[in-house]
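Source file: my_file-v8.cif; contents: mmCIF, C-alpha atoms.
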```
data_final
#
loop_
_atom_site.group_PDB
_atom_site.id
_atom_site.type_symbol
_atom_site.label_atom_id
_atom_site.label_comp_id
_atom_site.auth_asym_id
_atom_site.auth_seq_id
_atom_site.Cartn_x
_atom_site.Cartn_y
_atom_site.Cartn_z
ATOM 1 C CA MET A 1 96.472 204.654 261.205
ATOM 2 C CA VAL A 2 98.843 205.816 258.458
ATOM 3 C CA ILE A 3 100.776 207.911 260.964
ATOM 4 C CA LEU A 4 100.970 205.014 263.450
ATOM 5 C CA THR A 5 102.225 202.647 260.736
ATOM 6 C CA ALA A 6 104.883 205.145 259.725
ATOM 7 C CA VAL A 7 106.031 205.543 263.320
ATOM 8 C CA LEU A 8 106.245 201.788 263.842
ATOM 9 C CA THR A 9 108.157 201.357 260.591
ATOM 10 C CA PHE A 10 110.606 204.090 261.556
ATOM 11 C CA THR A 11 111.186 202.860 265.106
ATOM 12 C CA ALA A 12 111.802 199.325 263.890
ATOM 13 C CA PHE A 13 115.063 200.528 262.379
ATOM 14 C CA LEU A 14 116.265 202.542 265.373
ATOM 15 C CA PRO A 15 119.315 201.079 267.149
ATOM 16 C CA LEU A 16 118.642 199.393 270.464
ATOM 17 C CA ILE A 17 119.720 201.735 273.255
ATOM 18 C CA MET A 18 121.382 199.806 276.076
ATOM 19 C CA LEU A 19 121.001 201.496 279.436
ATOM 20 C CA PRO A 20 124.094 201.361 281.639
ATOM 21 C CA GLY A 21 124.001 198.697 284.323
ATOM 22 C CA PRO A 22 124.876 199.137 287.976
ATOM 23 C CA VAL A 23 128.543 199.853 288.677
ATOM 24 C CA SER A 24 129.203 200.785 292.321
ATOM 25 C CA GLY A 25 128.300 198.364 295.089
ATOM 26 C CA LEU A 26 129.071 196.627 298.348
ATOM 27 C CA ALA A 27 130.111 193.285 299.698
ATOM 28 C CA TRP A 28 127.564 193.879 302.446
ATOM 29 C CA HIS A 29 128.060 192.840 306.070
ATOM 30 C CA ASN A 30 125.728 193.630 308.992
ATOM 31 C CA ARG A 31 123.459 195.704 306.779
ATOM 32 C CA GLN A 32 121.163 198.289 308.337
ATOM 33 C CA THR A 33 118.091 199.432 306.421
ATOM 34 C CA ALA A 34 119.245 203.009 305.724
ATOM 35 C CA ASP A 35 122.843 202.200 304.765
ATOM 36 C CA ASP A 36 122.426 203.031 301.088
ATOM 37 C CA ASP A 37 120.551 206.267 301.871
ATOM 38 C CA VAL A 38 123.437 207.421 304.069
ATOM 39 C CA LEU A 39 126.241 206.268 301.773
ATOM 40 C CA GLY A 40 124.826 206.816 298.300
ATOM 41 C CA GLY A 41 126.163 204.962 295.290
ATOM 42 C CA VAL A 42 124.933 201.491 296.267
ATOM 43 C CA GLU A 43 123.721 200.256 292.894
ATOM 44 C CA TRP A 44 124.364 196.541 293.447
ATOM 45 C CA TYR A 45 125.456 194.238 296.244
ATOM 46 C CA TYR A 46 126.192 190.701 297.276
ATOM 47 C CA THR A 47 126.277 188.862 300.587
ATOM 48 C CA TYR A 48 128.483 185.829 299.763
ATOM 49 C CA GLY A 49 125.269 183.853 299.619
ATOM 50 C CA LEU A 50 122.151 183.193 297.571
ATOM 51 C CA HIS A 51 119.473 185.275 299.294
ATOM 52 C CA PRO A 52 118.871 189.019 298.783
ATOM 53 C CA TYR A 53 117.818 191.457 301.470
ATOM 54 C CA ARG A 54 114.037 191.634 301.155
ATOM 55 C CA ASP A 55 113.672 195.412 301.329
ATOM 56 C CA GLU A 56 116.711 196.415 299.265
ATOM 57 C CA ALA A 57 116.280 198.285 295.971
ATOM 58 C CA ALA A 58 119.851 197.802 294.723
ATOM 59 C CA GLN A 59 120.506 194.871 292.403
ATOM 60 C CA PHE A 60 121.420 191.666 294.226
ATOM 61 C CA VAL A 61 123.914 189.253 292.675
ATOM 62 C CA PRO A 62 123.907 185.715 294.135
ATOM 63 C CA MET A 63 127.178 183.961 294.833
ATOM 64 C CA LEU A 64 128.282 180.362 294.581
ATOM 65 C CA TRP A 65 130.969 180.924 297.212
ATOM 66 C CA CYS A 66 132.211 177.343 296.908
ATOM 67 C CA ASP A 67 130.566 173.964 296.571
ATOM 68 C CA ARG A 68 129.864 174.112 300.310
ATOM 69 C CA TRP A 69 130.435 176.142 303.463
ATOM 70 C CA PRO A 70 132.675 175.534 305.344
ATOM 71 C CA ALA A 71 134.638 174.246 302.385
ATOM 72 C CA TYR A 72 135.788 171.025 304.045
ATOM 73 C CA ASP A 73 132.717 170.268 306.181
ATOM 74 C CA TYR A 74 131.461 167.380 304.082
ATOM 75 C CA ALA A 75 129.155 166.000 306.772
ATOM 76 C CA SER A 76 126.953 168.990 307.569
ATOM 77 C CA GLY A 77 128.180 171.971 305.517
ATOM 78 C CA TYR A 78 125.864 174.261 303.573
ATOM 79 C CA ASP A 79 125.530 172.868 300.044
ATOM 80 C CA TYR A 80 125.501 175.788 297.610
ATOM 81 C CA ILE A 81 124.338 173.841 294.566
ATOM 82 C CA THR A 82 121.431 172.172 296.369
ATOM 83 C CA GLU A 83 120.279 175.492 297.809
ATOM 84 C CA ALA A 84 120.780 177.405 294.545
ATOM 85 C CA GLN A 85 118.630 174.913 292.645
ATOM 86 C CA LYS A 86 115.756 175.693 295.017
ATOM 87 C CA LEU A 87 116.011 179.405 294.209
ATOM 88 C CA TYR A 88 117.188 179.664 290.608
ATOM 89 C CA PRO A 89 115.540 177.597 287.839
ATOM 90 C CA PRO A 90 117.560 175.984 285.023
ATOM 91 C CA GLU A 91 116.587 178.827 282.673
ATOM 92 C CA TYR A 92 118.072 181.462 285.025
ATOM 93 C CA SER A 93 119.951 183.982 282.865
ATOM 94 C CA GLY A 94 121.186 186.416 285.492
ATOM 95 C CA TRP A 95 124.582 186.783 287.138
ATOM 96 C CA PHE A 96 126.339 184.361 289.477
ATOM 97 C CA LEU A 97 129.522 185.271 291.316
ATOM 98 C CA PHE A 98 131.640 182.131 291.165
ATOM 99 C CA LEU A 99 134.079 181.000 293.894
ATOM 100 C CA ASN A 100 135.649 183.097 296.625
ATOM 101 C CA GLU A 101 139.450 182.856 296.862
ATOM 102 C CA PRO A 102 139.671 179.196 295.845
ATOM 103 C CA ASP A 103 143.466 179.458 295.831
ATOM 104 C CA LEU A 104 143.452 179.798 299.643
ATOM 105 C CA PRO A 105 142.913 176.796 301.938
ATOM 106 C CA GLY A 106 139.596 175.939 303.497
ATOM 107 C CA SER A 107 138.837 173.996 306.656
ATOM 108 C CA ASP A 108 135.925 172.263 308.343
ATOM 109 C CA SER A 109 135.147 175.408 310.337
ATOM 110 C CA GLY A 110 136.104 178.392 308.154
ATOM 111 C CA GLY A 111 138.793 179.518 305.758
ATOM 112 C CA GLN A 112 138.279 180.102 302.057
ATOM 113 C CA CYS A 113 137.095 177.849 299.238
ATOM 114 C CA GLY A 114 140.287 175.792 298.952
ATOM 115 C CA MET A 115 140.021 174.028 295.573
ATOM 116 C CA SER A 116 142.625 172.909 293.093
ATOM 117 C CA PRO A 117 142.226 174.379 289.590
ATOM 118 C CA LYS A 118 141.046 170.974 288.323
ATOM 119 C CA GLN A 119 138.467 170.595 291.115
ATOM 120 C CA ALA A 120 137.219 174.114 290.454
ATOM 121 C CA ALA A 121 136.988 173.434 286.705
ATOM 122 C CA TYR A 122 134.761 170.403 287.288
ATOM 123 C CA PHE A 123 132.628 172.398 289.706
ATOM 124 C CA TYR A 124 132.331 175.064 287.001
ATOM 125 C CA LYS A 125 131.255 172.351 284.549
ATOM 126 C CA ALA A 126 128.480 171.345 286.945
ATOM 127 C CA VAL A 127 127.305 174.953 287.320
ATOM 128 C CA VAL A 128 127.295 175.570 283.563
ATOM 129 C CA GLY A 129 125.428 172.304 283.071
ATOM 130 C CA ILE A 130 122.708 173.230 285.561
ATOM 131 C CA TRP A 131 122.369 176.895 284.505
ATOM 132 C CA PRO A 132 123.544 177.055 280.875
ATOM 133 C CA GLN A 133 122.247 180.600 280.380
ATOM 134 C CA ALA A 134 123.659 182.072 283.593
ATOM 135 C CA ARG A 135 126.274 184.825 283.355
ATOM 136 C CA LEU A 136 129.279 183.863 285.466
ATOM 137 C CA VAL A 137 131.790 186.170 287.152
ATOM 138 C CA GLY A 138 135.018 184.807 288.570
ATOM 139 C CA PRO A 139 136.733 182.932 290.050
ATOM 140 C CA ALA A 140 137.971 185.635 292.454
ATOM 141 C CA VAL A 141 141.483 184.630 293.481
ATOM 142 C CA SER A 142 143.011 186.054 296.651
ATOM 143 C CA HIS A 143 144.516 189.482 297.049
ATOM 144 C CA GLU A 144 147.290 188.351 299.377
ATOM 145 C CA ASP A 145 149.724 187.440 296.634
ATOM 146 C CA TYR A 146 148.058 188.114 293.338
ATOM 147 C CA ARG A 147 150.993 186.850 291.331
ATOM 148 C CA ALA A 148 150.463 183.440 292.931
ATOM 149 C CA GLY A 149 146.744 183.949 292.370
ATOM 150 C CA TRP A 150 147.343 184.409 288.661
ATOM 151 C CA VAL A 151 149.193 181.089 288.556
ATOM 152 C CA TRP A 152 146.088 179.391 289.985
ATOM 153 C CA LEU A 153 143.793 181.284 287.600
ATOM 154 C CA ARG A 154 145.815 180.441 284.495
ATOM 155 C CA GLN A 155 145.805 176.781 285.457
ATOM 156 C CA TRP A 156 142.045 176.944 285.993
ATOM 157 C CA TYR A 157 141.555 178.486 282.549
ATOM 158 C CA LYS A 158 143.648 175.676 281.105
ATOM 159 C CA GLU A 159 141.462 173.047 282.796
ATOM 160 C CA VAL A 160 138.247 174.740 281.652
ATOM 161 C CA VAL A 161 139.461 174.877 278.053
ATOM 162 C CA LYS A 162 140.395 171.176 278.236
ATOM 163 C CA LEU A 163 136.797 170.449 279.235
ATOM 164 C CA GLY A 164 135.562 172.315 276.161
ATOM 165 C CA LEU A 165 133.707 174.937 278.203
ATOM 166 C CA PRO A 166 133.395 178.681 277.594
ATOM 167 C CA LEU A 167 135.266 180.945 279.987
ATOM 168 C CA PRO A 168 133.237 183.183 282.324
ATOM 169 C CA GLU A 169 131.727 186.391 281.001
ATOM 170 C CA ARG A 170 133.501 188.600 283.557
ATOM 171 C CA ALA A 171 136.664 188.355 285.640
ATOM 172 C CA ALA A 172 136.535 188.963 289.408
ATOM 173 C CA LEU A 173 139.396 190.557 291.355
ATOM 174 C CA HIS A 174 140.127 191.342 294.992
ATOM 175 C CA THR A 175 142.608 194.034 295.952
ATOM 176 C CA TYR A 176 143.676 195.706 299.181
ATOM 177 C CA LEU A 177 147.116 196.626 297.902
ATOM 178 C CA PRO A 178 148.948 199.913 298.456
ATOM 179 C CA GLY A 179 150.467 201.732 295.524
ATOM 180 C CA ASP A 180 149.066 202.230 292.053
ATOM 181 C CA PRO A 181 145.681 200.461 291.708
ATOM 182 C CA ASN A 182 146.324 200.094 287.982
ATOM 183 C CA ALA A 183 149.069 197.548 288.669
ATOM 184 C CA ILE A 184 146.843 194.608 289.633
ATOM 185 C CA LEU A 185 144.418 195.360 286.799
ATOM 186 C CA ASP A 186 147.158 195.477 284.204
ATOM 187 C CA SER A 187 148.737 192.336 285.631
ATOM 188 C CA TYR A 188 145.436 190.461 285.248
ATOM 189 C CA HIS A 189 145.310 191.245 281.527
ATOM 190 C CA GLU A 190 148.934 190.207 281.149
ATOM 191 C CA ALA A 191 148.346 186.961 283.052
ATOM 192 C CA VAL A 192 145.437 185.834 280.875
ATOM 193 C CA ARG A 193 146.858 187.060 277.571
ATOM 194 C CA PRO A 194 147.389 183.464 276.270
ATOM 195 C CA TYR A 195 143.618 182.901 276.402
ATOM 196 C CA ALA A 196 141.881 184.679 273.531
ATOM 197 C CA ASN A 197 138.454 184.345 275.166
ATOM 198 C CA ALA A 198 139.498 185.471 278.642
ATOM 199 C CA PRO A 199 137.120 188.086 280.081
ATOM 200 C CA ALA A 200 138.040 191.597 278.987
ATOM 201 C CA LEU A 201 135.812 193.222 281.611
ATOM 202 C CA ILE A 202 136.448 193.034 285.353
ATOM 203 C CA TRP A 203 134.343 193.160 288.474
ATOM 204 C CA ILE A 204 136.299 194.246 291.544
ATOM 205 C CA THR A 205 134.290 192.157 294.000
ATOM 206 C CA GLU A 206 136.375 193.116 297.032
ATOM 207 C CA PHE A 207 138.494 196.184 297.547
ATOM 208 C CA GLY A 208 139.401 198.450 300.399
ATOM 209 C CA HIS A 209 142.250 200.114 302.233
ATOM 210 C CA CYS A 210 142.723 201.417 305.757
ATOM 211 C CA GLN A 211 144.077 204.771 304.557
ATOM 212 C CA PRO A 212 141.508 207.228 303.152
ATOM 213 C CA ALA A 213 143.942 208.650 300.590
ATOM 214 C CA GLN A 214 144.541 205.210 299.068
ATOM 215 C CA ALA A 215 140.819 204.402 299.146
ATOM 216 C CA ARG A 216 140.141 207.639 297.280
ATOM 217 C CA ARG A 217 142.823 206.738 294.745
ATOM 218 C CA MET A 218 141.337 203.281 294.194
ATOM 219 C CA LEU A 219 137.869 204.687 293.615
ATOM 220 C CA ALA A 220 139.188 207.201 291.106
ATOM 221 C CA VAL A 221 140.967 204.481 289.111
ATOM 222 C CA PHE A 222 138.022 202.082 289.118
ATOM 223 C CA GLN A 223 135.647 204.841 288.046
ATOM 224 C CA SER A 224 137.888 205.909 285.173
ATOM 225 C CA ARG A 225 138.938 202.627 283.548
ATOM 226 C CA ALA A 226 136.865 201.215 280.707
ATOM 227 C CA ASP A 227 137.684 197.616 281.696
ATOM 228 C CA ILE A 228 136.067 197.971 285.136
ATOM 229 C CA ASP A 229 132.459 196.894 284.756
ATOM 230 C CA ARG A 230 131.604 196.939 288.479
ATOM 231 C CA TYR A 231 133.247 197.373 291.851
ATOM 232 C CA ALA A 232 132.231 196.510 295.429
ATOM 233 C CA TRP A 233 133.736 197.839 298.649
ATOM 234 C CA PHE A 234 134.532 195.384 301.452
ATOM 235 C CA THR A 235 132.733 196.079 303.755
ATOM 236 C CA THR A 236 130.286 198.075 305.916
ATOM 237 C CA ARG A 237 130.470 196.730 309.496
ATOM 238 C CA ARG A 238 132.854 193.930 310.291
ATOM 239 C CA GLY A 239 135.077 195.372 312.995
ATOM 240 C CA GLY A 240 137.983 195.966 310.613
ATOM 241 C CA CYS A 241 139.872 199.011 309.423
ATOM 242 C CA THR A 242 138.017 199.125 306.087
ATOM 243 C CA ASP A 243 134.543 199.481 307.654
ATOM 244 C CA LEU A 244 132.353 202.270 306.292
ATOM 245 C CA PHE A 245 130.325 202.581 309.517
ATOM 246 C CA TYR A 246 131.481 202.670 313.115
ATOM 247 C CA ASP A 247 128.673 200.809 314.791
ATOM 248 C CA VAL A 248 125.890 198.235 314.700
ATOM 249 C CA PRO A 249 123.208 199.512 314.774
ATOM 250 C CA GLY A 250 123.863 203.078 313.679
ATOM 251 C CA TYR A 251 124.960 205.217 310.787
ATOM 252 C CA SER A 252 128.079 207.076 311.931
ATOM 253 C CA LEU A 253 130.443 207.126 308.970
ATOM 254 C CA THR A 254 134.105 206.308 309.367
ATOM 255 C CA ALA A 255 136.669 208.345 307.423
ATOM 256 C CA LEU A 256 136.425 205.666 304.728
ATOM 257 C CA GLY A 257 132.649 205.918 304.744
ATOM 258 C CA GLN A 258 133.032 209.621 304.030
ATOM 259 C CA VAL A 259 135.424 208.841 301.165
ATOM 260 C CA TRP A 260 132.769 206.547 299.674
ATOM 261 C CA LYS A 261 130.009 209.119 300.141
ATOM 262 C CA ASP A 262 132.102 211.904 298.597
ATOM 263 C CA GLY A 263 132.954 209.661 295.652
ATOM 264 C CA HIS A 264 129.311 208.912 294.804
ATOM 265 C CA LYS A 265 127.590 212.285 294.963
#
```
Reformat the file's structure so that it appears as structure tokens.
Amino acid sequence: MVILTAVLTFTAFLPLIMLPGPVSGLAWHNRQTADDDVLGGVEWYYTYGLHPYRDEAAQFVPMLWCDRWPAYDYASGYDYITEAQKLYPPEYSGWFLFLNEPDLPGSDSGGQCGMSPKQAAYFYKAVVGIWPQARLVGPAVSHEDYRAGWVWLRQWYKEVVKLGLPLPERAALHTYLPGDPNAILDSYHEAVRPYANAPALIWITEFGHCQPAQARRMLAVFQSRADIDRYAWFTTRRGGCTDLFYDVPGYSLTALGQVWKDGHK
């Protein structure tokens, strides 16, 4: 009993050891059950929606892609908030990815989220009100012209601050750019410098490149920078040049799939 008491007293003063969280992941499309066994390095994933794959061991992060899908289908579109409330209680304290490329236009049949910064700020207010303990990541502005994306993001920050709300816990970035991958990361920090509480840590929620050498370079940068909290490749099987697999179903790796596999041994 004396020994046990001494041990408990000693351990009470030990620092809490925080285990590292998942880092490498996928924006998953047309998933097959053995994808992560073939690729390796799939520690987390998202599907642009709210439901995880039932038999997947990697950490799932739900996404509030927009207020609805398609963004401008007000009559019959999928209502993200209504569906999320069925799945995630008000005390939910996990992650939510928040908004997919809201700076790009939506439509009633596709497109992106298509919100003004003010609209997106009020949507954010609703989300924070429903899930006050949730950890939010985003918004993820588009990769197509990230300088224009930063203009949208700065205006959104301004609107959020005007509403008296805290900024998200993590930033979310998309990049498919050639050249030095550090450039977009450094430009994010420069863009949000006026906001003292802007997220210091970044999730790369979409990245990819058609050329294996550039993909390898991107991975190396994301794995080496202290401000990159997580990254997710886009995607596995979509019929585009950044696919990691050739076929559905099947597990034949593309050259990019091999780059991923080699980078996560």
Determine the nearest neighbour of Leu153 in chain A from the options A:Ser252, A:Ser116, A:Asn30, A:Thr82, counting only C-alpha atoms.
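Smallest distance to Leu153 in chain A is found for A:Ser116.
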Return the padded bounding box of range 51-60 of chain A as lines of an AutoDock Vina configuration file: axis-aligned, built from all atoms listed in the file, 4 Å added on each side, with centre and edge lengths in Å to one decimal.
```
center_x = 117.5
center_y = 191.8
center_z = 296.9
size_x = 15.7
size_y = 21.0
size_z = 17.1
```
Distance query Ala121 in chain A at most 12 Å, only C-alpha atoms, self and fewer than 6 positions along chain excluded, as a VMD selection string:
chain A and resid 66 to 67 98 to 99 102 115 127 to 128 138 to 139 152 to 168
Find, counting all atoms listed in the file, the residue in A:His29, A:Arg170, A:Arg216, A:His264 that gets nearest to Gly240 in chain A.
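Closest candidate: A:His29.
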Care to translate the PyMOL selection byres ((chain A and resi 222) around 10) into actual residues of this file, as JSON, numbers by chain?
{"A": [23, 24, 181, 182, 185, 202, 203, 204, 217, 218, 219, 220, 221, 223, 224, 225, 226, 227, 228, 229, 230, 231]}
Quick one: everything within 9 Å of Ala232 in chain A, counting only C-alpha atoms, minus sequence neighbours fewer than 5 positions away in the same chain. Send it as a ChimeraX atom specification.
/A:23-28,42,44-46,203-208
Which residues match the PyMOL selection byres ((chain A and resi 107) around 10) in the file above, as a list in words?
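Residues picked by the PyMOL selection byres ((chain A and resi 107) around 10): Trp69, Pro70, Ala71, Tyr72, Asp73, Pro105, Gly106, Asp108, Ser109, Gly110, Gly111, Gln112, Cys113 and Gly114 of chain A.
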Decode the PyMOL selection byres ((chain A and resi 244) around 8) for the given file into explicit residues and return them as a PyMOL selection string.
chain A and resi 235-237+242-243+245-246+253-258+260
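Within 12 Å of the point (149.7, 195.6, 300.2) in file coordinates, and counting all atoms listed in the file, lie the residues A:His143, A:Glu144, A:Asp145, A:Tyr146, A:His174, A:Thr175, A:Tyr176, A:Leu177, A:Pro178, A:Gly179, A:Asp180, A:Pro181, A:Ala183, A:Ile184, A:Phe207, A:Gly208, A:His209, A:Cys210, A:Gln211, A:Gln214.
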Just want the 6 Å neighbourhood of Ala140 in chain A, counted on only C-alpha atoms, with same-chain residues fewer than 3 positions away dropped. Output as number ranges by chain.
A: 100-101, 172-173
Have a look at CA of Gly239 in chain A and CA of Ala58 in chain A and let me know their distance in Å, one decimal.
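Computed distance, CA of Gly239 in chain A to CA of Ala58 in chain A, equals 23.9 Å.
The nearest approach to Tyr88 in chain A among the residues A:Arg238, A:Lys118, A:His51, A:Arg31, with all atoms listed in the file taken into account, belongs to A:His51.
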Calculate how many Å separate CA of Glu169 in chain A from CA of Glu56 in chain A, rounding to one decimal.
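Separation between CA of Glu169 in chain A and CA of Glu56 in chain A: 25.7 Å.
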Need to verify the contact set: Ile81 in chain A, 10 Å, all atoms listed in the file, exclusion of same-chain residues closer than 3 positions in sequence. Can you return it as an mmCIF file with C-alpha atoms, in the coordinates of the input?
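part_17.cif was written with the following content:
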```cif
data_model
loop_
_atom_site.group_PDB
_atom_site.id
_atom_site.type_symbol
_atom_site.label_atom_id
_atom_site.label_comp_id
_atom_site.auth_asym_id
_atom_site.auth_seq_id
_atom_site.Cartn_x
_atom_site.Cartn_y
_atom_site.Cartn_z
ATOM 1 C CA LEU A 64 128.282 180.362 294.581
ATOM 2 C CA CYS A 66 132.211 177.343 296.908
ATOM 3 C CA ASP A 67 130.566 173.964 296.571
ATOM 4 C CA ARG A 68 129.864 174.112 300.310
ATOM 5 C CA TYR A 78 125.864 174.261 303.573
ATOM 6 C CA ALA A 84 120.780 177.405 294.545
ATOM 7 C CA GLN A 85 118.630 174.913 292.645
ATOM 8 C CA LYS A 86 115.756 175.693 295.017
ATOM 9 C CA PHE A 123 132.628 172.398 289.706
ATOM 10 C CA ALA A 126 128.480 171.345 286.945
ATOM 11 C CA VAL A 127 127.305 174.953 287.320
ATOM 12 C CA ILE A 130 122.708 173.230 285.561
#
```
Taken to one decimal, the CA of Pro22 in chain A-CA of Lys261 in chain A distance is 16.6 Å
All residues 12 Å or closer to Arg193 in chain A, only C-alpha atoms, same chain fewer than 4 positions away omitted, as a tab-separated table (two decimals) with C-alpha atoms, in the coordinates of the input:
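The resulting file, around.tsv, is shown below:
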```tsv
chain	number	residue	atom	x	y	z
A	150	TRP	CA	147.34	184.41	288.66
A	153	LEU	CA	143.79	181.28	287.60
A	154	ARG	CA	145.82	180.44	284.50
A	157	TYR	CA	141.56	178.49	282.55
A	186	ASP	CA	147.16	195.48	284.20
A	187	SER	CA	148.74	192.34	285.63
A	188	TYR	CA	145.44	190.46	285.25
A	189	HIS	CA	145.31	191.24	281.53
A	197	ASN	CA	138.45	184.34	275.17
A	198	ALA	CA	139.50	185.47	278.64
A	199	PRO	CA	137.12	188.09	280.08
A	200	ALA	CA	138.04	191.60	278.99
```
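With distances taken over all atoms listed in the file, A:Ala134 is the one residue among A:Val192, A:Ala134, A:Val141, A:Val259 lying closest to Pro90 in chain A.
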